[in-house]
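Asks: Next up, entry-v5.tsv (TSV, C-alpha atoms).
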```
chain	number	residue	atom	x	y	z
A	24	MET	CA	-70.66	349.01	64.66
A	25	GLU	CA	-73.28	347.37	66.84
A	26	LYS	CA	-76.10	345.76	64.87
A	27	LEU	CA	-79.46	347.50	65.16
A	28	GLU	CA	-81.97	344.85	66.18
A	29	THR	CA	-85.19	346.89	66.14
A	30	ILE	CA	-85.77	350.15	64.25
A	31	ALA	CA	-88.92	352.27	64.42
A	32	ILE	CA	-90.19	354.15	61.37
A	33	ILE	CA	-92.39	357.16	62.08
A	34	VAL	CA	-94.49	358.19	59.09
A	35	ALA	CA	-94.76	361.98	58.94
A	36	ALA	CA	-94.95	362.81	55.23
A	37	GLY	CA	-98.68	363.56	55.06
A	38	ARG	CA	-100.31	366.94	54.57
A	39	GLY	CA	-103.08	366.41	57.15
A	40	ALA	CA	-105.66	368.49	55.28
A	41	ARG	CA	-108.54	367.20	57.44
A	42	ALA	CA	-106.92	368.67	60.56
A	43	GLY	CA	-107.72	372.20	59.41
A	44	ALA	CA	-105.56	375.29	59.04
A	45	GLY	CA	-102.16	375.62	60.65
A	46	GLY	CA	-100.03	373.40	58.46
A	47	PRO	CA	-99.40	369.66	58.65
A	48	LYS	CA	-100.76	368.33	61.94
A	49	GLN	CA	-97.51	366.60	62.89
A	50	TYR	CA	-95.78	370.00	63.21
A	51	ARG	CA	-98.55	371.76	65.13
A	52	MET	CA	-98.06	372.43	68.81
A	53	LEU	CA	-99.48	370.16	71.48
A	54	GLY	CA	-98.75	371.70	74.83
A	55	GLN	CA	-95.19	373.02	74.67
A	56	ARG	CA	-93.97	370.71	71.89
A	57	ALA	CA	-94.87	369.74	68.35
A	58	VAL	CA	-96.92	366.58	67.89
A	59	ILE	CA	-94.05	364.84	66.11
A	60	ALA	CA	-91.68	365.53	69.03
A	61	TRP	CA	-94.00	363.77	71.49
A	62	THR	CA	-94.29	360.81	69.13
A	63	ALA	CA	-90.57	360.58	68.43
A	64	GLU	CA	-89.62	360.74	72.11
A	65	ALA	CA	-91.84	357.76	72.92
A	66	PHE	CA	-89.70	355.59	70.64
A	67	LEU	CA	-86.34	357.26	71.24
A	68	SER	CA	-86.70	356.70	74.99
A	69	HIS	CA	-87.81	353.08	74.69
A	70	GLY	CA	-85.23	350.52	75.78
A	71	ASP	CA	-86.18	348.01	73.07
A	72	ILE	CA	-85.85	350.46	70.18
A	73	ASP	CA	-82.31	350.78	68.79
A	74	ALA	CA	-82.92	353.53	66.23
A	75	VAL	CA	-85.69	355.74	64.85
A	76	ARG	CA	-86.14	356.90	61.26
A	77	ILE	CA	-88.73	359.57	60.46
A	78	ILE	CA	-90.23	359.83	56.98
A	79	ILE	CA	-91.07	363.43	56.06
A	80	HIS	CA	-92.36	365.40	53.09
A	81	ARG	CA	-89.61	366.83	50.89
A	82	ASP	CA	-90.87	370.36	51.63
A	83	ASP	CA	-90.83	369.94	55.42
A	84	HIS	CA	-87.14	369.78	56.34
A	85	ASN	CA	-87.13	373.19	58.05
A	86	ALA	CA	-90.41	372.46	59.85
A	87	TYR	CA	-89.03	369.09	60.93
A	88	GLU	CA	-85.85	370.56	62.41
A	89	THR	CA	-87.77	373.27	64.25
A	90	ALA	CA	-90.32	370.80	65.63
A	91	MET	CA	-87.77	368.24	66.81
A	92	GLY	CA	-85.58	370.77	68.63
A	93	GLY	CA	-83.16	369.10	71.05
A	94	LEU	CA	-84.21	365.63	69.92
A	95	LEU	CA	-82.18	366.17	66.73
A	96	ALA	CA	-79.07	365.39	68.77
A	97	HIS	CA	-80.46	362.12	70.12
A	98	PRO	CA	-77.99	359.30	69.40
A	99	LYS	CA	-80.79	356.95	68.28
A	100	LEU	CA	-82.30	359.36	65.75
A	101	MET	CA	-81.36	358.58	62.15
A	102	PRO	CA	-81.45	361.27	59.42
A	103	PRO	CA	-84.95	361.77	57.99
A	104	VAL	CA	-85.94	360.38	54.60
A	105	ASP	CA	-88.27	362.00	52.07
A	106	GLY	CA	-91.51	360.08	51.61
A	107	GLY	CA	-93.68	359.36	48.59
A	108	VAL	CA	-97.04	360.43	47.23
A	109	GLU	CA	-99.15	358.12	49.42
A	110	ARG	CA	-98.56	356.74	52.92
A	111	GLN	CA	-97.95	353.27	51.49
A	112	ASP	CA	-95.22	354.71	49.25
A	113	SER	CA	-93.65	356.53	52.20
A	114	VAL	CA	-93.54	353.39	54.31
A	115	ARG	CA	-91.96	351.38	51.51
A	116	ILE	CA	-89.34	354.08	51.01
A	117	GLY	CA	-88.69	354.13	54.74
A	118	VAL	CA	-88.30	350.36	54.96
A	119	GLU	CA	-86.03	350.32	51.91
A	120	SER	CA	-83.86	353.01	53.52
A	121	LEU	CA	-82.99	350.51	56.27
A	122	GLU	CA	-81.80	347.82	53.89
A	123	ALA	CA	-78.12	348.46	54.66
A	124	ASP	CA	-78.81	348.21	58.40
A	125	ALA	CA	-80.86	345.02	57.93
A	126	PRO	CA	-82.52	345.04	61.37
A	127	ALA	CA	-84.33	341.96	62.57
A	128	TYR	CA	-87.53	343.92	63.21
A	129	VAL	CA	-89.11	347.17	62.10
A	130	LEU	CA	-91.98	349.01	63.78
A	131	ILE	CA	-94.11	351.43	61.74
A	132	HIS	CA	-95.98	354.19	63.54
A	133	ASP	CA	-98.08	357.21	62.58
A	134	ALA	CA	-96.59	360.56	63.62
A	135	ALA	CA	-100.10	361.73	64.50
A	136	ARG	CA	-100.37	359.20	67.36
A	137	PRO	CA	-98.35	361.04	70.06
A	138	PHE	CA	-99.72	359.10	73.04
A	139	ILE	CA	-98.34	355.64	72.29
A	140	ASP	CA	-97.13	354.10	75.54
A	141	ALA	CA	-94.04	352.03	76.27
A	142	LEU	CA	-95.96	348.89	77.18
A	143	ALA	CA	-97.81	348.77	73.84
A	144	ILE	CA	-94.49	349.11	72.01
A	145	ALA	CA	-93.03	346.31	74.11
A	146	ARG	CA	-96.02	344.04	73.45
A	147	VAL	CA	-95.67	344.46	69.69
A	148	ILE	CA	-91.95	343.64	69.83
A	149	ALA	CA	-92.53	340.62	72.09
A	150	ALA	CA	-95.11	339.17	69.67
A	151	LEU	CA	-92.55	339.31	66.86
A	152	GLN	CA	-90.64	336.51	68.55
A	153	THR	CA	-93.35	334.07	67.42
A	154	HIS	CA	-95.14	335.83	64.53
A	155	ASP	CA	-94.27	337.47	61.21
A	156	GLY	CA	-95.93	340.65	62.36
A	157	ALA	CA	-97.93	342.18	65.20
A	158	ILE	CA	-100.07	345.28	65.55
A	159	ALA	CA	-101.43	347.26	68.47
A	160	ALA	CA	-105.23	347.09	68.36
A	161	LEU	CA	-108.36	347.37	70.48
A	162	PRO	CA	-111.35	345.01	70.43
A	163	MET	CA	-114.62	346.59	69.35
A	164	HIS	CA	-117.08	347.20	72.19
A	165	ASP	CA	-119.67	349.27	70.33
A	166	THR	CA	-122.43	347.57	68.39
A	167	ILE	CA	-121.55	347.78	64.68
A	168	LYS	CA	-124.18	348.48	62.03
A	169	ARG	CA	-123.84	348.06	58.27
A	170	ALA	CA	-125.68	350.69	56.25
A	171	GLY	CA	-127.37	350.13	52.93
A	172	LYS	CA	-125.89	351.23	49.62
A	173	SER	CA	-127.60	354.60	49.85
A	174	ALA	CA	-125.61	355.44	52.96
A	175	GLY	CA	-125.75	359.11	53.91
A	176	ALA	CA	-127.41	361.37	56.42
A	177	ASP	CA	-130.58	359.23	56.29
A	178	ALA	CA	-128.89	355.85	55.86
A	179	LEU	CA	-130.86	352.76	56.78
A	180	ILE	CA	-129.48	349.85	58.73
A	181	GLU	CA	-128.92	346.81	56.58
A	182	ALA	CA	-127.48	344.50	59.23
A	183	THR	CA	-125.85	344.29	62.65
A	184	VAL	CA	-122.27	343.07	62.32
A	185	PRO	CA	-121.02	340.60	64.96
A	186	ARG	CA	-118.33	342.45	66.90
A	187	ASN	CA	-116.63	339.54	68.68
A	188	GLU	CA	-114.14	339.19	65.82
A	189	LEU	CA	-113.62	342.89	65.13
A	190	TRP	CA	-110.62	344.96	66.26
A	191	ARG	CA	-109.65	348.60	65.75
A	192	ALA	CA	-106.17	348.71	64.26
A	193	GLN	CA	-103.66	351.15	65.70
A	194	THR	CA	-99.94	351.65	65.30
A	195	PRO	CA	-97.20	350.69	65.91
A	196	GLN	CA	-97.36	347.77	63.54
A	197	GLY	CA	-94.26	345.60	63.75
A	198	PHE	CA	-92.81	343.06	61.35
A	199	HIS	CA	-89.79	340.96	60.54
A	200	PHE	CA	-87.80	343.39	58.41
A	201	ASP	CA	-87.02	341.14	55.45
A	202	LYS	CA	-90.62	339.96	55.17
A	203	ILE	CA	-92.28	343.38	55.28
A	204	LEU	CA	-89.69	344.74	52.83
A	205	GLY	CA	-90.67	342.06	50.33
A	206	ALA	CA	-94.36	342.54	51.05
A	207	HIS	CA	-94.25	346.29	50.42
A	208	ARG	CA	-92.35	345.84	47.19
A	209	ALA	CA	-94.88	343.26	46.03
A	210	ALA	CA	-97.75	345.60	46.97
A	211	GLN	CA	-96.68	348.48	44.73
A	212	GLY	CA	-99.62	349.53	42.59
A	213	LYS	CA	-102.17	348.17	45.06
A	214	VAL	CA	-104.15	350.36	47.46
A	215	LEU	CA	-104.00	348.90	50.98
A	216	THR	CA	-105.15	350.73	54.08
A	217	ASP	CA	-102.33	349.91	56.49
A	218	ASP	CA	-99.11	347.91	56.79
A	219	ALA	CA	-100.91	344.93	58.28
A	220	ALA	CA	-102.98	344.77	55.08
A	221	VAL	CA	-99.73	344.77	53.09
A	222	ALA	CA	-98.50	341.90	55.26
A	223	GLU	CA	-101.79	340.02	54.88
A	224	ALA	CA	-101.54	340.29	51.10
A	225	ALA	CA	-98.15	338.58	51.38
A	226	HIS	CA	-99.67	335.79	53.54
A	227	MET	CA	-97.75	336.83	56.64
A	228	ARG	CA	-99.00	335.76	60.09
A	229	VAL	CA	-99.88	338.97	61.96
A	230	ALA	CA	-100.83	338.94	65.64
A	231	LEU	CA	-103.12	341.36	67.46
A	232	VAL	CA	-101.79	342.72	70.76
A	233	ALA	CA	-103.40	345.10	73.22
A	234	GLY	CA	-103.11	348.75	72.25
A	235	SER	CA	-104.32	351.66	74.35
A	236	PRO	CA	-107.50	353.78	74.28
A	237	ASP	CA	-105.24	356.83	74.66
A	238	ASN	CA	-103.34	355.94	71.48
A	239	MET	CA	-105.60	358.19	69.42
A	240	LYS	CA	-104.77	359.42	65.94
A	241	ILE	CA	-105.10	363.15	65.43
A	242	THR	CA	-107.10	363.42	62.21
A	243	GLN	CA	-109.72	366.17	62.45
A	244	ALA	CA	-109.24	369.72	63.74
A	245	GLU	CA	-111.40	368.92	66.77
A	246	ASP	CA	-109.07	366.06	67.72
A	247	PHE	CA	-106.57	368.61	69.04
A	248	GLY	CA	-108.99	369.48	71.83
A	249	MET	CA	-109.11	365.87	72.98
A	250	ALA	CA	-105.32	365.59	72.58
A	251	GLU	CA	-104.82	368.58	74.90
A	252	ILE	CA	-107.04	366.92	77.50
A	253	LEU	CA	-105.08	363.68	77.24
A	254	LEU	CA	-101.79	365.55	77.50
A	255	ARG	CA	-102.83	367.38	80.66
A	256	ARG	CA	-103.97	364.11	82.18
A	257	LYS	CA	-100.74	362.35	81.31
A	258	VAL	CA	-98.61	365.15	82.72
A	259	ASN	CA	-100.63	365.04	85.93
A	260	GLU	CA	-100.22	361.26	86.04
A	261	MET	CA	-96.42	361.51	86.03
A	262	GLU	CA	-94.53	361.62	89.29
A	263	TYR	CA	-91.14	363.31	89.32
A	264	ARG	CA	-88.50	361.74	91.51
A	265	THR	CA	-84.90	362.57	92.35
A	266	GLY	CA	-82.16	360.12	93.28
A	267	HIS	CA	-78.65	360.73	94.62
A	268	GLY	CA	-75.49	358.70	94.16
A	269	PHE	CA	-71.98	358.84	95.60
A	270	ASP	CA	-68.90	356.78	94.78
A	271	VAL	CA	-65.20	356.72	95.63
A	272	HIS	CA	-62.27	354.92	94.04
A	273	ALA	CA	-58.63	354.97	95.07
A	274	PHE	CA	-55.72	355.40	92.68
A	275	GLU	CA	-53.27	352.63	91.87
A	276	ASP	CA	-50.43	352.27	89.37
A	277	GLY	CA	-51.55	352.84	85.79
A	278	ASN	CA	-51.59	355.30	82.91
A	279	ALA	CA	-55.23	356.38	82.50
A	280	VAL	CA	-58.52	356.78	84.34
A	281	ILE	CA	-62.01	356.17	82.99
A	282	LEU	CA	-64.58	358.75	84.06
A	283	CYS	CA	-68.12	359.05	82.70
A	284	GLY	CA	-67.18	356.67	79.90
A	285	VAL	CA	-64.13	358.66	78.73
A	286	GLU	CA	-60.54	357.45	79.06
A	287	ILE	CA	-58.24	360.24	80.30
A	288	PRO	CA	-54.43	359.86	80.26
A	289	HIS	CA	-53.03	360.08	83.79
A	290	ASP	CA	-50.12	358.76	85.82
A	291	LYS	CA	-52.51	356.56	87.83
A	292	LYS	CA	-55.63	354.48	87.26
A	293	LEU	CA	-58.62	353.90	89.50
A	294	LYS	CA	-58.81	350.71	91.52
A	295	GLY	CA	-62.05	348.73	91.43
A	296	HIS	CA	-63.79	345.44	90.68
A	297	SER	CA	-65.12	346.78	87.35
A	298	ASP	CA	-63.51	349.58	85.33
A	299	ALA	CA	-63.83	351.82	88.44
A	300	ASP	CA	-65.66	354.63	86.63
A	301	ALA	CA	-66.65	356.61	89.73
A	302	GLY	CA	-68.78	359.09	87.78
A	303	MET	CA	-70.84	356.44	86.04
A	304	HIS	CA	-71.20	354.45	89.26
A	305	ALA	CA	-72.56	357.47	91.13
A	306	LEU	CA	-74.99	358.23	88.32
A	307	THR	CA	-76.17	354.62	88.14
A	308	ASP	CA	-76.90	354.66	91.88
A	309	ALA	CA	-78.74	357.97	91.51
A	310	ILE	CA	-81.06	356.56	88.83
A	311	LEU	CA	-81.61	353.34	90.78
A	312	GLY	CA	-82.38	355.39	93.87
A	313	ALA	CA	-84.96	357.48	92.03
A	314	ILE	CA	-86.98	354.37	91.19
A	315	GLY	CA	-86.37	352.55	94.48
A	316	GLU	CA	-84.16	349.83	93.02
A	317	GLY	CA	-81.33	349.80	95.54
A	318	ASP	CA	-77.80	350.27	94.24
A	319	ILE	CA	-75.26	348.78	91.86
A	320	GLY	CA	-74.20	346.15	94.39
A	321	ASP	CA	-77.73	344.75	94.51
A	322	HIS	CA	-77.76	344.14	90.75
A	323	PHE	CA	-74.05	343.49	90.14
A	324	PRO	CA	-72.50	342.04	93.32
A	325	PRO	CA	-68.72	342.62	93.46
A	326	SER	CA	-68.41	339.07	94.78
A	327	ASP	CA	-69.58	337.77	91.40
A	328	PRO	CA	-66.53	337.21	89.13
A	329	GLN	CA	-68.53	337.80	85.94
A	330	TRP	CA	-68.53	341.55	86.66
A	331	LYS	CA	-64.77	341.81	87.17
A	332	GLY	CA	-63.34	344.37	84.76
A	333	VAL	CA	-66.70	344.96	83.07
A	334	ALA	CA	-67.43	348.37	81.53
A	335	SER	CA	-69.59	350.51	83.79
A	336	SER	CA	-71.83	351.28	80.80
A	337	VAL	CA	-73.38	347.86	81.51
A	338	PHE	CA	-74.50	349.10	84.94
A	339	LEU	CA	-75.84	352.40	83.63
A	340	ALA	CA	-77.73	350.69	80.78
A	341	LYS	CA	-79.38	348.38	83.33
A	342	ALA	CA	-80.60	351.39	85.33
A	343	ARG	CA	-81.89	352.97	82.11
A	344	ASP	CA	-83.80	349.81	81.20
A	345	LEU	CA	-85.36	349.56	84.66
A	346	VAL	CA	-86.75	353.09	84.21
A	347	ALA	CA	-88.12	352.15	80.78
A	348	GLU	CA	-89.77	349.03	82.21
A	349	ARG	CA	-91.78	351.33	84.47
A	350	ALA	CA	-92.83	353.42	81.44
A	351	GLY	CA	-90.72	356.21	82.91
A	352	ARG	CA	-88.11	358.51	81.44
A	353	ILE	CA	-84.90	360.08	82.65
A	354	THR	CA	-85.31	363.85	82.47
A	355	HIS	CA	-81.96	365.16	83.76
A	356	CYS	CA	-78.65	363.96	85.21
A	357	ASP	CA	-76.00	365.99	87.04
A	358	VAL	CA	-72.56	364.55	87.88
A	359	THR	CA	-69.86	366.24	89.95
A	360	LEU	CA	-66.34	364.78	89.92
A	361	ILE	CA	-64.14	365.63	92.91
A	362	CYS	CA	-60.39	365.45	92.33
A	363	GLU	CA	-57.19	367.48	92.10
A	364	ALA	CA	-56.13	365.66	88.94
A	365	PRO	CA	-56.62	364.85	86.14
A	366	LYS	CA	-58.20	367.97	84.67
A	367	ILE	CA	-61.85	367.28	83.80
A	368	GLY	CA	-62.75	370.44	81.85
A	369	PRO	CA	-61.23	369.42	78.48
A	370	HIS	CA	-63.23	366.17	78.55
A	371	ARG	CA	-66.64	367.36	79.77
A	372	GLU	CA	-68.34	367.47	76.37
A	373	LYS	CA	-67.20	363.94	75.54
A	374	MET	CA	-68.42	362.77	78.95
A	375	CYS	CA	-71.85	364.32	78.44
A	376	ALA	CA	-72.09	362.74	75.00
A	377	ALA	CA	-71.02	359.32	76.30
A	378	LEU	CA	-73.58	359.36	79.13
A	379	ALA	CA	-76.33	360.67	76.84
A	380	ALA	CA	-75.65	357.89	74.33
A	381	ILE	CA	-75.98	355.19	77.00
A	382	LEU	CA	-79.09	356.74	78.56
A	383	ARG	CA	-80.58	357.51	75.12
A	384	ILE	CA	-81.43	361.08	75.99
A	385	GLU	CA	-80.30	364.43	74.59
A	386	ASN	CA	-76.88	365.78	75.58
A	387	SER	CA	-78.65	368.83	76.96
A	388	ARG	CA	-80.15	366.66	79.71
A	389	ILE	CA	-76.68	365.77	81.04
A	390	SER	CA	-74.36	367.94	83.12
A	391	VAL	CA	-70.83	367.01	84.20
A	392	LYS	CA	-68.89	369.30	86.53
A	393	ALA	CA	-65.64	369.08	88.48
A	394	THR	CA	-64.34	370.57	91.69
A	395	THR	CA	-61.46	370.12	94.11
A	396	THR	CA	-61.35	369.97	97.91
A	397	GLU	CA	-58.63	372.64	98.09
A	398	GLN	CA	-56.03	369.94	98.78
A	399	LEU	CA	-57.95	368.70	101.83
A	400	GLY	CA	-58.81	365.05	102.51
A	401	PHE	CA	-58.00	361.98	100.41
A	402	THR	CA	-58.90	363.69	97.12
A	403	GLY	CA	-56.77	366.67	98.11
A	404	ARG	CA	-53.86	364.33	98.77
A	405	ARG	CA	-54.46	362.82	95.30
A	406	GLU	CA	-55.20	359.39	96.72
A	407	GLY	CA	-58.36	358.90	94.68
A	408	ILE	CA	-61.45	360.39	93.08
A	409	ALA	CA	-64.96	360.91	94.44
A	410	ALA	CA	-68.13	361.48	92.44
A	411	MET	CA	-71.61	362.73	93.31
A	412	ALA	CA	-74.64	362.48	91.02
A	413	THR	CA	-78.27	363.49	90.95
A	414	ALA	CA	-80.84	362.02	88.57
A	415	SER	CA	-84.38	363.21	87.90
A	416	VAL	CA	-86.85	360.63	86.63
A	417	ALA	CA	-90.50	360.87	85.61
A	418	VAL	CA	-92.59	357.75	86.23
A	419	PRO	CA	-96.33	357.09	86.00
A	420	VAL	CA	-98.19	357.49	89.28
```
As C-alpha cells, how would this structure be written, given the file I've shared?

Replies:
Amino acid sequence: MEKLETIAIIVAAGRGARAGAGGPKQYRMLGQRAVIAWTAEAFLSHGDIDAVRIIIHRDDHNAYETAMGGLLAHPKLMPPVDGGVERQDSVRIGVESLEADAPAYVLIHDAARPFIDALAIARVIAALQTHDGAIAALPMHDTIKRAGKSAGADALIEATVPRNELWRAQTPQGFHFDKILGAHRAAQGKVLTDDAAVAEAAHMRVALVAGSPDNMKITQAEDFGMAEILLRRKVNEMEYRTGHGFDVHAFEDGNAVILCGVEIPHDKKLKGHSDADAGMHALTDAILGAIGEGDIGDHFPPSDPQWKGVASSVFLAKARDLVAERAGRITHCDVTLICEAPKIGPHREKMCAALAAILRIENSRISVKATTTEQLGFTGRREGIAAMATASVAVPV
C-alpha cells in the first residue's frame, strides 16, 4: 500500500447553534450542495492531498451520508470518525485515528469554511517543508481598539492596538503529524482556541502563510447570505473547457492488453513505447488539450528512454496535477474504445474505477464505452485498437 504523505482532517462534529435553525450548519444547503460537500471536494480534488478524514458527531452519520452524496465513493475519502465534546477533542481524536497511517503531514480544516482555495492549501503544505506547522491567515488592515473592562454596548476605548503584528487565523492549519499528535495529547485538559495554539503550547515553530479573504467561516445565520453571494461569484468565475484526445496502437504478439488501467487477457498485446494503454493516452491528451498543455509527447517524449514501458497512469496523473495547479477541477471524462476484440463490456466498471482513482474524482464522473467499425478498417481487421476521449474541465477565469 502506498504511503499517505499528507492527510487532511475536516472538523465537522459541531452543532453550529449560532447559525440558527435548520440543523448543523455543515449539512445545510449552499447552492445545490451541502456546505460540507463543498469543503470536502476542495481537499479531495487537490493534487497534494493523499486522503481526507472527516470528523463528525456520533448522531450525524445519516446526515453525513446524505450531504456527501457521490463524494462517498471518492477513492481519497477515508471513513468518518466520531468526534468529541469540544472541537479540540474532535481534532485530537481525528489525529489519533491516523496513527496507523503515520503521514508526514496533517492539515486541519473547519467544515464551515467551504471556500478554501487550492493555492492556500498548497502554500500551507509548502511551508511545512521548513517549519513544524503553518496556518493560512490574513494580516489585519482595520484599526484595532481595546475596550475597557466594562465592555458592552457603551464600551469605552482603552487603547489602540498596533496592527502590524496582528493576523487573522484561518484554516487549514498544517503540521508535522508526529509533532501535532504529541502536542494535542499534551494539551488535554487545557482550553486552546485553535490547533496553532496547541502547537504553540508545545513550542512548535508555526509559520503564517497567505490565506484568502473568501475563506470565510460560516458562523452566524446571516453568514449564509454572504456565502451564497460568494458561491455565485465563484461559479461565474469558472470557465468550462472541453478537450479531445485520440490514440491508436497496433497489436503484436502477447497474451493481454492494458486498457484504461485494466489488464484484459487476449491473444495479442498492444505495441507502444510505454504500456500502450490507448484509452488512457487518449484521455490524457483530452485533459491536456482542455487546459492548453499540448499532448503526451510534449511532456513525455517517446525518444526519452526513461518512459519506455512506464505505466500510463504516470501520464494521466501528470495531466491531473496540471489541472490542480491551475486551481481547476476535472468535471467529466468520456472514453470510447474502438475494437473488434477483446470484449470491453465485462471490464467497464473496473476501468471507470481505475481512471477515477487516478484522477481523484467520483466514478460517476467517468464513462467508458466500446464500439466496433463493423469489420471495416484496421480495427475491423483486428490489427489494433483506437480510442477517443473527451474531458471537461473547470478552471478559474

Asks: For a quick check of understanding, using only C-alpha atoms, which of A:Tyr128, A:Asp217, A:Cys283, A:Val232 has the smallest distance to Ala159 (chain A)?

Replies: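 Closest to Ala159 (chain A), using only C-alpha atoms: A:Val232.
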
Asks: Using only C-alpha atoms, collect all residues at a distance of at most 12 Å from (-78.7, 348.3, 58.2) as written in the file, then present them as a PDB file with C-alpha atoms, keeping the file's coordinate frame.

Replies:
```pdb
ATOM      1  CA  MET A  24     -70.660 349.010  64.660  1.00  0.00           C
ATOM      2  CA  GLU A  25     -73.280 347.370  66.840  1.00  0.00           C
ATOM      3  CA  LYS A  26     -76.100 345.760  64.870  1.00  0.00           C
ATOM      4  CA  LEU A  27     -79.460 347.500  65.160  1.00  0.00           C
ATOM      5  CA  GLU A  28     -81.970 344.850  66.180  1.00  0.00           C
ATOM      6  CA  THR A  29     -85.190 346.890  66.140  1.00  0.00           C
ATOM      7  CA  ILE A  30     -85.770 350.150  64.250  1.00  0.00           C
ATOM      8  CA  ASP A  73     -82.310 350.780  68.790  1.00  0.00           C
ATOM      9  CA  ALA A  74     -82.920 353.530  66.230  1.00  0.00           C
ATOM     10  CA  ARG A  76     -86.140 356.900  61.260  1.00  0.00           C
ATOM     11  CA  MET A 101     -81.360 358.580  62.150  1.00  0.00           C
ATOM     12  CA  VAL A 118     -88.300 350.360  54.960  1.00  0.00           C
ATOM     13  CA  GLU A 119     -86.030 350.320  51.910  1.00  0.00           C
ATOM     14  CA  SER A 120     -83.860 353.010  53.520  1.00  0.00           C
ATOM     15  CA  LEU A 121     -82.990 350.510  56.270  1.00  0.00           C
ATOM     16  CA  GLU A 122     -81.800 347.820  53.890  1.00  0.00           C
ATOM     17  CA  ALA A 123     -78.120 348.460  54.660  1.00  0.00           C
ATOM     18  CA  ASP A 124     -78.810 348.210  58.400  1.00  0.00           C
ATOM     19  CA  ALA A 125     -80.860 345.020  57.930  1.00  0.00           C
ATOM     20  CA  PRO A 126     -82.520 345.040  61.370  1.00  0.00           C
ATOM     21  CA  ALA A 127     -84.330 341.960  62.570  1.00  0.00           C
ATOM     22  CA  TYR A 128     -87.530 343.920  63.210  1.00  0.00           C
ATOM     23  CA  VAL A 129     -89.110 347.170  62.100  1.00  0.00           C
ATOM     24  CA  PHE A 200     -87.800 343.390  58.410  1.00  0.00           C
ATOM     25  CA  ASP A 201     -87.020 341.140  55.450  1.00  0.00           C
TER      26      ASP A 201
END
```

Asks: Got a sec to check which residues sit within 10 Å of (-102.1, 334.6, 64.3), counting all atoms listed in the file, and write them as a ChimeraX atom specification?

Replies: /A:150,153-157,227-231

Asks: Name the closest residue to Glu64 (chain A) among the candidates A:Leu399, A:Ala219, A:Ile384, A:Ala192; distances are taken between atoms, counting all atoms listed in the file.

Replies: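 Among A:Leu399, A:Ala219, A:Ile384, A:Ala192, it is A:Ile384 that comes nearest to Glu64 (chain A).
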
Asks: Between CA of Phe138 (chain A) and CA of Phe198 (chain A), what distance in Å does the model show, to one decimal?

Replies: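 Result for CA of Phe138 (chain A) versus CA of Phe198 (chain A): 21.0 Å, one decimal.
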
Asks: Can you list, as number ranges by chain, every protein, DNA or RNA residue that comes within 9 Å of Arg343 (chain A) when you count all atoms listed in the file, leaving out same-chain residues fewer than 6 positions away?

Replies: A: 70, 307, 310-311, 352-353, 381-383

Asks: Reconstruct region 71-82 of chain A at the level of N, CA and C atoms, and format the result as a PDB file, keeping the file's coordinate frame.

Replies:
```pdb
ATOM      1  N   ASP A  71     -86.221 349.056  74.090  1.00  0.00           N
ATOM      2  CA  ASP A  71     -86.180 348.010  73.070  1.00  0.00           C
ATOM      3  C   ASP A  71     -86.005 348.546  71.654  1.00  0.00           C
ATOM      4  N   ILE A  72     -86.006 349.853  71.502  1.00  0.00           N
ATOM      5  CA  ILE A  72     -85.850 350.460  70.180  1.00  0.00           C
ATOM      6  C   ILE A  72     -84.406 350.928  70.029  1.00  0.00           C
ATOM      7  N   ASP A  73     -83.727 350.447  68.989  1.00  0.00           N
ATOM      8  CA  ASP A  73     -82.310 350.780  68.790  1.00  0.00           C
ATOM      9  C   ASP A  73     -82.107 352.025  67.940  1.00  0.00           C
ATOM     10  N   ALA A  74     -83.053 352.352  67.083  1.00  0.00           N
ATOM     11  CA  ALA A  74     -82.920 353.530  66.230  1.00  0.00           C
ATOM     12  C   ALA A  74     -84.306 353.936  65.733  1.00  0.00           C
ATOM     13  N   VAL A  75     -84.424 355.200  65.343  1.00  0.00           N
ATOM     14  CA  VAL A  75     -85.690 355.740  64.850  1.00  0.00           C
ATOM     15  C   VAL A  75     -85.427 356.484  63.546  1.00  0.00           C
ATOM     16  N   ARG A  76     -86.203 356.175  62.533  1.00  0.00           N
ATOM     17  CA  ARG A  76     -86.140 356.900  61.260  1.00  0.00           C
ATOM     18  C   ARG A  76     -87.496 357.551  61.014  1.00  0.00           C
ATOM     19  N   ILE A  77     -87.488 358.838  60.712  1.00  0.00           N
ATOM     20  CA  ILE A  77     -88.730 359.570  60.460  1.00  0.00           C
ATOM     21  C   ILE A  77     -88.820 359.884  58.965  1.00  0.00           C
ATOM     22  N   ILE A  78     -89.977 359.591  58.394  1.00  0.00           N
ATOM     23  CA  ILE A  78     -90.230 359.830  56.980  1.00  0.00           C
ATOM     24  C   ILE A  78     -91.009 361.132  56.859  1.00  0.00           C
ATOM     25  N   ILE A  79     -90.453 362.105  56.144  1.00  0.00           N
ATOM     26  CA  ILE A  79     -91.070 363.430  56.060  1.00  0.00           C
ATOM     27  C   ILE A  79     -91.320 363.826  54.602  1.00  0.00           C
ATOM     28  N   HIS A  80     -92.120 364.854  54.425  1.00  0.00           N
ATOM     29  CA  HIS A  80     -92.360 365.400  53.090  1.00  0.00           C
ATOM     30  C   HIS A  80     -91.123 366.194  52.660  1.00  0.00           C
ATOM     31  N   ARG A  81     -90.833 366.174  51.371  1.00  0.00           N
ATOM     32  CA  ARG A  81     -89.610 366.830  50.890  1.00  0.00           C
ATOM     33  C   ARG A  81     -89.606 368.333  51.165  1.00  0.00           C
ATOM     34  N   ASP A  82     -90.792 368.926  51.373  1.00  0.00           N
ATOM     35  CA  ASP A  82     -90.870 370.360  51.630  1.00  0.00           C
ATOM     36  C   ASP A  82     -90.798 370.708  53.118  1.00  0.00           C
TER      37      ASP A  82
END
```
